[in-house]
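Q: Got a structure for you, written out below as structure tokens; questions coming shortly.
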Amino acid sequence: MIELYHIWHQYQPPKWALSDITLDVKKGDFYFVTGPSGSGKTTLLRIIFRELLPTQGQIVVDGRNIFRIPDHKIYKLRRTMGIVFQDFRLLFHKRVFENVAVVLQVLGVPHREIRRRVFIALRMVNLHHKMWEYPSQLSYGEQQRVAIARAVVNNPKILLADEPTGNLDPELAFEIMSLFREINKKGATVIICTHDRELIRHFGEKILFLFKGKLIRKEIL
Ligand code: ADP
Ligand code: MG
């Protein structure tokens, strides 16, 4: 589903944010990527999302070499993916509902269907009662849950999440992980970056360890 071949990335010389990463993520896999701050987790996700072009290497997502996809067709790739960014990237001038709905609006989903699916997604993260508020009226943890609802509202084939439970209390973090697991059981391929050992211990199946941009270990439990 996601194949990486000898991915190298450098933002600024001489340091390499990623060094020679080769990976084969199969359809339906549930992966954790872990490692200390600065080890390259976010860089790896941004490359898979095709937000960032690596300095070297190739990636095949769902059978397509994603660097050969022209910019104006990236939306086709992205509509198969959901992503929770570490910094959420919510639209602060739009209400919670619209923040989640935007994913479906660009796909031309009918209005009523959008209302239904946004409500379901927000209910999953227990935020349906705040649908008409603005992100600035929400706590940090609630904003994070809006970002999670937005990532899953489209039933993506691939779900990427960058420290998605970083600001949530442990109970809610477990709920969110269970939700990701459910989505995974329905067939989605999931990759989650986290340094929460407790979550990995509880939910870990396949774990990649990054250190200074290198893939130093892979555990299959
Ligand atoms: P992690 O998510 O594991 O904390 P990152 O992928 O964010 O790691 O960062 C990997 C390395 O790349 C770090 O050394 C970081 O300082 C550097 N880096 C990340 N983003 C940028 C950027 N936009 N410009 C320059 N250096 C960056
Ligand atoms: Mg990061």
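Ligands are numbered from 1 in the order shown, residues from 1 within each chain, and chains are lettered A, B, ... in the order they appear in the structure tokens.
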Quick one: which chain A residues come within 8 Å of ligand 2, and what is the nearest atom pair for each with the distance in Å to one decimal, counting only C-alpha atoms and all ligand atoms, rows ordered by chain and ascending number, as a Markdown table?

A:
```
| residue | atom | partner | partner_atom_place_in_ligand_line | distance |
| --- | --- | --- | --- | --- |
| A:Ser37 | CA | ligand 2 | 1 (Mg) | 6.5 |
| A:Gly38 | CA | ligand 2 | 1 (Mg) | 6.8 |
| A:Gly40 | CA | ligand 2 | 1 (Mg) | 6.9 |
| A:Lys41 | CA | ligand 2 | 1 (Mg) | 5.4 |
| A:Thr42 | CA | ligand 2 | 1 (Mg) | 4.1 |
| A:Thr43 | CA | ligand 2 | 1 (Mg) | 7.3 |
| A:Gln86 | CA | ligand 2 | 1 (Mg) | 6.6 |
| A:Asp162 | CA | ligand 2 | 1 (Mg) | 6.6 |
| A:Glu163 | CA | ligand 2 | 1 (Mg) | 7.2 |
| A:Cys193 | CA | ligand 2 | 1 (Mg) | 7.7 |
```

Q: Write as a ChimeraX atom specification the residues around ligand 1, taking 10 Å as the cut-off and counting only C-alpha atoms and all ligand atoms.

A: /A:9-13,15-18,33-47,52,86,162-163,193-195,210-213

Q: List the neighbours of Arg50 of chain A out to 12 Å using only C-alpha atoms; skip same-chain residues closer than 5 positions along the sequence, and give me the result as a PyMOL selection string.

A: chain A and resi 2+43-45+58-61+65-71+73-78+81+83+160

Q: Return as a Markdown table the residues of segment 103-136 of chain A lying at most 9 Å from segment 87-92 of chain A, together with the closest atom-to-atom pair for each and the distance in Å to one decimal, counting only C-alpha atoms, with rows in chain order and ascending residue number.

A:
```
| residue | atom | partner | partner_atom | distance |
| --- | --- | --- | --- | --- |
| A:Tyr134 | CA | A:Phe92 | CA | 6.6 |
| A:Pro135 | CA | A:Phe92 | CA | 5.7 |
| A:Ser136 | CA | A:Phe92 | CA | 6.6 |
```

Q: I'd like to know which of A:Ala147, A:Val152, A:Leu104, A:Ile207 is closest to Asn184 of chain A, using only C-alpha atoms.

A: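 Of A:Ala147, A:Val152, A:Leu104, A:Ile207, the one nearest Asn184 of chain A, counting only C-alpha atoms, is A:Val152.
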
Q: Would you return as a list in words the members of segment 60-154 of chain A that DSSP assigns to strand (DSSP E or B) on this structure's backbone?

A: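 Residues meeting the strand (DSSP E or B) criterion: Val60, Val61, Arg64, Asn65, Met81, Gly82, Ile83 and Val84 of chain A.
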
Q: Restrict the selected residues to N, CA, C and O atoms and save them as a CSV table (one decimal), in the first residue's frame.

A:
```csv
chain,number,residue,atom,x,y,z
A,60,VAL,N,5.8,4.6,-3.6
A,60,VAL,CA,4.7,4.1,-4.3
A,60,VAL,C,3.5,4.0,-3.3
A,60,VAL,O,3.6,3.3,-2.3
A,61,VAL,N,2.4,4.7,-3.6
A,61,VAL,CA,1.3,4.6,-2.7
A,61,VAL,C,0.1,4.1,-3.6
A,61,VAL,O,-0.2,4.6,-4.6
A,64,ARG,N,0.9,3.7,-7.2
A,64,ARG,CA,1.4,4.8,-8.0
A,64,ARG,C,2.6,5.5,-7.4
A,64,ARG,O,2.7,5.7,-6.2
A,65,ASN,N,3.5,5.7,-8.3
A,65,ASN,CA,4.7,6.5,-7.9
A,65,ASN,C,4.3,7.9,-7.7
A,65,ASN,O,3.9,8.7,-8.6
A,81,MET,N,-6.5,9.6,1.5
A,81,MET,CA,-5.8,9.7,2.7
A,81,MET,C,-6.5,10.7,3.7
A,81,MET,O,-7.0,11.7,3.3
A,82,GLY,N,-6.3,10.3,5.0
A,82,GLY,CA,-6.7,11.3,6.0
A,82,GLY,C,-5.4,11.5,6.8
A,82,GLY,O,-4.6,10.6,7.0
A,83,ILE,N,-5.3,12.7,7.3
A,83,ILE,CA,-4.1,13.0,8.1
A,83,ILE,C,-4.4,13.9,9.3
A,83,ILE,O,-5.2,14.9,9.1
A,84,VAL,N,-3.8,13.6,10.4
A,84,VAL,CA,-3.9,14.5,11.6
A,84,VAL,C,-2.5,15.1,11.7
A,84,VAL,O,-1.6,14.4,12.0
```

Q: Between atom CA of Val100 of chain A and atom CA of Glu171 of chain A, what distance in Å does the model show, to one decimal?

A: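 One can read the atom CA of Val100 of chain A to atom CA of Glu171 of chain A distance as 23.3 Å.
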
Q: Using only C-alpha atoms, which of A:Met124, A:Ile216, A:Phe85, A:Arg145 sits nearest Ala161 of chain A?

A: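 For Ala161 of chain A, the nearest of the given residues is A:Phe85.
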
Q: DSSP on the backbone: what in segment 13-219 of chain A comes out alpha helix (DSSP H), as a PyMOL selection string?

A: chain A and resi 41-48+74-78+96-105+111-124+140-152+170-185+197-203
